[in-house]
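J.: Dropping in start-v1.csv, with CSV, C-alpha atoms.
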chain,number,residue,atom,x,y,z
A,6,MET,CA,0.0,0.0,0.0
A,7,PRO,CA,1.6,3.3,-1.1
A,8,THR,CA,2.0,6.0,1.4
A,9,ARG,CA,0.3,9.4,0.9
A,10,ILE,CA,3.5,10.9,-0.3
A,11,GLU,CA,4.1,8.1,-2.7
A,12,ALA,CA,0.6,8.4,-4.0
A,13,ARG,CA,1.0,12.2,-4.6
A,14,ALA,CA,4.2,11.6,-6.4
A,15,ALA,CA,2.6,9.0,-8.6
A,16,THR,CA,-0.3,11.3,-9.4
A,17,ARG,CA,2.1,14.2,-10.2
A,18,ALA,CA,4.1,12.0,-12.5
A,19,LYS,CA,0.9,10.9,-14.4
A,20,VAL,CA,-0.3,14.5,-14.6
A,21,LEU,CA,3.0,15.8,-16.0
A,22,ALA,CA,3.3,12.9,-18.4
A,23,SER,CA,-0.2,13.6,-19.8
A,24,SER,CA,0.4,17.3,-19.9
A,25,ARG,CA,3.6,17.0,-21.8
A,26,ARG,CA,2.0,14.5,-24.3
A,27,LEU,CA,-1.1,16.7,-24.9
A,28,PHE,CA,0.8,19.9,-25.1
A,29,GLU,CA,3.0,18.4,-27.8
A,30,GLU,CA,0.2,16.8,-29.7
A,31,ARG,CA,-2.5,19.6,-29.5
A,32,GLY,CA,-0.5,22.6,-28.5
A,33,PHE,CA,-0.6,24.6,-25.3
A,34,ASN,CA,-3.6,26.8,-26.1
A,35,ALA,CA,-5.8,23.9,-27.3
A,36,THR,CA,-5.2,21.7,-24.3
A,37,THR,CA,-7.5,22.1,-21.3
A,38,ILE,CA,-7.2,21.0,-17.7
A,39,LYS,CA,-10.1,18.6,-18.3
A,40,ASP,CA,-8.2,17.0,-21.2
A,41,ILE,CA,-5.2,16.4,-19.0
A,42,ALA,CA,-7.4,15.0,-16.2
A,43,ALA,CA,-9.1,12.6,-18.6
A,44,ASP,CA,-5.8,11.5,-20.2
A,45,ALA,CA,-4.1,11.0,-16.8
A,46,GLY,CA,-7.2,9.2,-15.3
A,47,VAL,CA,-7.5,11.6,-12.4
A,48,SER,CA,-9.9,14.3,-11.3
A,49,VAL,CA,-9.6,17.9,-12.3
A,50,GLY,CA,-8.9,18.7,-8.7
A,51,SER,CA,-6.0,16.4,-8.7
A,52,VAL,CA,-4.6,18.1,-11.8
A,53,MET,CA,-5.0,21.6,-10.2
A,54,TYR,CA,-3.3,20.3,-7.1
A,55,VAL,CA,-0.2,19.7,-9.2
A,56,GLY,CA,-0.6,23.1,-10.9
A,57,ASP,CA,-2.7,25.3,-13.3
A,58,LYS,CA,-2.1,24.9,-17.0
A,59,SER,CA,0.8,27.4,-17.1
A,60,GLY,CA,2.4,25.9,-14.1
A,61,LEU,CA,2.2,22.4,-15.7
A,62,LEU,CA,3.9,23.7,-18.8
A,63,VAL,CA,6.8,25.2,-16.7
A,64,ALA,CA,7.1,22.0,-14.7
A,65,CYS,CA,7.2,19.9,-17.9
A,66,PHE,CA,10.0,22.0,-19.4
A,67,ASP,CA,11.9,22.2,-16.1
A,68,GLU,CA,11.9,18.4,-15.8
A,69,ARG,CA,13.1,17.9,-19.4
A,70,ILE,CA,15.8,20.7,-19.2
A,71,GLU,CA,17.1,19.3,-15.9
A,72,ALA,CA,17.2,15.7,-17.2
A,73,LEU,CA,19.0,16.9,-20.4
A,74,HIS,CA,21.5,19.0,-18.4
A,75,THR,CA,22.2,16.2,-16.0
A,76,GLY,CA,22.8,13.7,-18.8
A,77,HIS,CA,25.0,16.1,-20.9
A,78,PRO,CA,28.6,16.1,-19.6
A,79,PRO,CA,29.9,19.7,-19.8
A,80,THR,CA,33.1,20.7,-21.4
A,81,SER,CA,35.6,20.6,-18.6
A,82,ARG,CA,38.3,23.2,-17.8
A,83,THR,CA,40.9,20.5,-18.4
A,84,GLN,CA,39.5,19.9,-21.9
A,85,VAL,CA,39.7,23.5,-22.9
A,86,GLN,CA,43.2,23.9,-21.5
A,87,SER,CA,44.4,20.7,-23.3
A,88,GLU,CA,43.2,22.2,-26.6
A,89,GLY,CA,45.3,25.3,-26.1
A,90,GLY,CA,42.4,27.5,-25.0
A,91,GLY,CA,40.2,26.0,-27.6
A,92,ASP,CA,37.1,27.8,-28.7
A,93,GLY,CA,35.7,29.3,-25.6
A,94,ALA,CA,32.5,30.4,-27.2
A,95,GLN,CA,31.8,26.9,-28.6
A,96,ALA,CA,32.6,25.4,-25.2
A,97,ILE,CA,30.0,27.8,-23.7
A,98,LEU,CA,27.4,26.8,-26.3
A,99,ASP,CA,28.2,23.1,-25.5
A,100,ILE,CA,27.2,23.8,-21.9
A,101,LEU,CA,24.0,25.5,-23.0
A,102,SER,CA,23.1,23.1,-25.8
A,103,PRO,CA,20.5,21.1,-23.7
A,104,PHE,CA,18.4,24.2,-23.5
A,105,ILE,CA,18.8,25.1,-27.1
A,106,ASP,CA,18.1,21.6,-28.4
A,107,LEU,CA,14.9,21.3,-26.3
A,108,PHE,CA,13.5,24.6,-27.3
A,109,ALA,CA,14.3,23.9,-31.0
A,110,SER,CA,12.5,20.6,-30.8
A,111,SER,CA,9.2,22.3,-29.6
A,112,PRO,CA,9.4,25.9,-30.7
A,113,ASP,CA,5.7,26.7,-30.2
A,114,LEU,CA,5.7,25.3,-26.7
A,115,ALA,CA,9.0,27.1,-26.0
A,116,ARG,CA,7.3,30.4,-26.9
A,117,SER,CA,4.5,29.6,-24.5
A,118,TYR,CA,7.0,28.7,-21.8
A,119,GLY,CA,8.8,32.0,-22.4
A,120,ALA,CA,5.6,33.9,-22.3
A,121,VAL,CA,4.7,32.3,-18.9
A,122,LEU,CA,8.1,33.2,-17.5
A,123,ILE,CA,8.0,36.7,-18.8
A,124,SER,CA,4.5,37.2,-17.3
A,125,GLY,CA,5.9,36.4,-13.8
A,126,ALA,CA,3.0,34.2,-13.1
A,127,HIS,CA,5.2,31.2,-12.5
A,128,SER,CA,8.9,30.8,-11.7
A,129,SER,CA,11.2,28.2,-13.2
A,130,ARG,CA,13.1,25.9,-10.9
A,131,VAL,CA,15.7,25.5,-13.7
A,132,PHE,CA,16.4,29.2,-13.8
A,133,SER,CA,16.8,29.3,-10.0
A,134,GLU,CA,18.3,26.1,-8.7
A,135,LEU,CA,20.4,25.3,-11.7
A,136,ARG,CA,21.5,28.9,-12.2
A,137,GLU,CA,24.5,28.7,-9.9
A,138,GLU,CA,25.5,25.3,-11.3
A,139,LEU,CA,25.5,26.7,-14.9
A,140,ILE,CA,27.4,29.8,-13.9
A,141,ASN,CA,30.1,27.6,-12.2
A,142,GLU,CA,30.5,25.6,-15.4
A,143,LEU,CA,30.7,28.8,-17.4
A,144,GLN,CA,33.2,30.2,-14.9
A,145,ASP,CA,35.5,27.1,-15.5
A,146,ILE,CA,35.4,27.8,-19.3
A,147,PHE,CA,36.3,31.5,-18.9
A,148,ALA,CA,39.1,30.6,-16.4
A,149,ALA,CA,40.5,28.0,-18.8
A,150,ALA,CA,40.1,29.9,-22.0
A,151,THR,CA,41.5,33.2,-20.8
A,152,ASP,CA,43.6,32.6,-17.7
A,153,CYS,CA,41.8,35.4,-15.9
A,154,SER,CA,41.4,35.6,-12.2
A,155,THR,CA,38.7,33.6,-10.4
A,156,THR,CA,36.8,36.8,-9.6
A,157,ALA,CA,36.9,38.0,-13.2
A,158,ALA,CA,35.9,34.6,-14.5
A,159,LYS,CA,32.9,34.5,-12.1
A,160,GLN,CA,31.8,38.0,-13.2
A,161,ARG,CA,32.0,37.1,-16.9
A,162,ALA,CA,30.2,33.8,-16.4
A,163,THR,CA,27.3,35.6,-14.7
A,164,THR,CA,27.2,38.2,-17.4
A,165,ALA,CA,27.3,35.5,-20.1
A,166,TYR,CA,24.5,33.6,-18.3
A,167,LEU,CA,22.3,36.7,-18.2
A,168,ALA,CA,23.0,37.5,-21.8
A,169,TYR,CA,22.0,34.0,-22.8
A,170,LEU,CA,18.7,34.3,-20.9
A,171,GLY,CA,18.0,37.6,-22.7
A,172,ALA,CA,18.9,36.0,-26.1
A,173,LEU,CA,16.7,33.0,-25.3
A,174,LEU,CA,13.7,35.1,-24.4
A,175,GLU,CA,14.2,37.2,-27.5
A,176,TRP,CA,14.5,34.1,-29.6
A,177,VAL,CA,11.3,32.4,-28.4
A,178,SER,CA,9.4,35.7,-29.2
A,179,ILE,CA,10.3,35.5,-32.9
A,180,PRO,CA,8.2,33.0,-34.9
A,181,GLY,CA,10.2,31.0,-37.3
A,182,ALA,CA,13.6,31.9,-35.8
A,183,GLY,CA,16.1,29.0,-36.1
A,184,THR,CA,18.6,27.8,-33.5
A,185,ASP,CA,21.4,29.2,-35.7
A,186,ALA,CA,20.1,32.7,-34.9
A,187,LEU,CA,20.1,31.9,-31.2
A,188,CYS,CA,23.6,30.4,-31.2
A,189,SER,CA,24.9,33.4,-33.2
A,190,ARG,CA,23.5,35.8,-30.6
A,191,VAL,CA,25.1,33.8,-27.8
A,192,ARG,CA,28.4,33.8,-29.6
A,193,ASP,CA,28.2,37.6,-30.2
A,194,ALA,CA,27.4,38.1,-26.4
A,195,VAL,CA,30.3,36.0,-25.1
A,196,HIS,CA,33.0,36.9,-27.6
A,197,PRO,CA,33.7,40.4,-26.1
A,198,LEU,CA,33.8,38.8,-22.6
A,199,LEU,CA,36.4,36.3,-23.7
A,200,THR,CA,38.4,38.9,-25.6
A,201,ALA,CA,38.3,41.4,-22.7
A,202,SER,CA,39.5,38.7,-20.3
A,203,THR,CA,42.5,37.9,-22.5
A,204,GLU,CA,43.4,41.5,-23.0
A,205,GLU,CA,43.3,42.2,-19.3
A,206,HIS,CA,45.5,39.2,-18.6
A,207,ASN,CA,48.1,40.2,-21.2
A,208,GLN,CA,48.4,43.8,-19.9
Could you express the structure from this file as structure tokens?
T.:
Amino acid sequence: MPTRIEARAATRAKVLASSRRLFEERGFNATTIKDIAADAGVSVGSVMYVGDKSGLLVACFDERIEALHTGHPPTSRTQVQSEGGGDGAQAILDILSPFIDLFASSPDLARSYGAVLISGAHSSRVFSELREELINELQDIFAAATDCSTTAAKQRATTAYLAYLGALLEWVSIPGAGTDALCSRVRDAVHPLLTASTEEHNQ
């Protein structure tokens, strides 16, 4: 006999699985809470306990982004150093690629996700709990590619992360924009940071 906590976890998993499937098949706007409840085999109240429709979309994206990020080994500082500095911008894109790949696979849902986040109605666990982890990974790249100080690398990593979020939110607001455009914007944003670090170190 499952405990109450186990039962709630199982219900949440079913609701999110149905939400994700229906959002992908029908689109965010065309899917209703009743549809999700029927597909999951639970009551409307059980669905609403997990979250409203916007909250379910954010939760679905958060789970997929976190799973992709966890399963995608980042470019290490040692790797970049062994390649003689390598391509710092590409190394940064490699770290951020799970986000880019996911949004590219479901552009319409990505735009709805972006709209929900911009509205402030729901916060994303990915952009809060994983923020520091991503910044630390970016910091390693800046430190390895430019040999700048730890403090400078941290500052540039934070700036790069915020620039990426801005580019991402801009990208999801433009219908038909390809991932090449997003990658280009990220490269444009991080290149001056990499160059500035190198110039400071060489002075």
J.: Using all atoms listed in the file, pick whichever of A:Leu198, A:Ile70, A:Val191, A:Leu21 has the shortest atom-to-atom distance to Val131 of chain A.
T.: A:Ile70
J.: I'd like to know which of A:Leu107, A:Ala42, A:Ala158, A:Ala15 is closest to Glu71 of chain A, using only C-alpha atoms.
T.: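 Smallest separation from Glu71 of chain A among the options: A:Leu107.
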J.: Separation of atom CA of Ile97 of chain A and atom CA of Ser117 of chain A, in Å?
T.: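 These two atoms are separated by 25.6 Å.
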J.: Grab the atom CA of Lys159 of chain A to atom CA of Ala201 of chain A distance for me, in Å with one decimal place.
T.: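 Between atom CA of Lys159 of chain A and atom CA of Ala201 of chain A the gap is 13.8 Å.
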J.: Can you tell me how far atom CA of Thr151 of chain A sits from atom CA of Glu175 of chain A, in Å to one decimal?
T.: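 We find that atom CA of Thr151 of chain A and atom CA of Glu175 of chain A lie 28.4 Å from each other.
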J.: Here is a test: counting all atoms listed in the file, which residue of A:Leu62, A:Ala165, A:Ala14, A:Ala186 is nearest to Thr37 of chain A?
T.: A:Leu62
J.: Check the smallest atom-to-atom distance from each of A:Thr164, A:Ser178, A:Gln144, A:Ser154 to Pro197 of chain A using all atoms listed in the file, then report the winner.
T.: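 The closest residue to Pro197 of chain A is A:Thr164.
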J.: Compare A:Gly46, A:Ala35, A:Ser133, A:Ala94 by their minimum atom-to-atom distance to Lys19 of chain A, counting all atoms listed in the file, and give me the closest one.
T.: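 That would be A:Gly46, the residue with the smallest distance to Lys19 of chain A.
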J.: Can you work out which one of A:Val55, A:Ala18, A:Glu30, A:Ala64 has the shortest atom-to-atom distance to His127 of chain A, counting all atoms listed in the file?
T.: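 Nearest candidate to His127 of chain A out of A:Val55, A:Ala18, A:Glu30, A:Ala64: A:Ala64.
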J.: Give me the residues near Ser124 of chain A as number ranges by chain, where near means some atom within 12 Å (using all atoms listed in the file) and where sequence neighbours in that chain fewer than 6 positions away do not count.
T.: A: 59-60, 117-118, 174
J.: Would you be able to write out as a ChimeraX atom specification which residues have an atom within 10 Å of (33.1, 32.6, -17.7) in the file's coordinates, counting only C-alpha atoms?
T.: /A:93-94,97,140-151,153,155-166,195,198-199,202
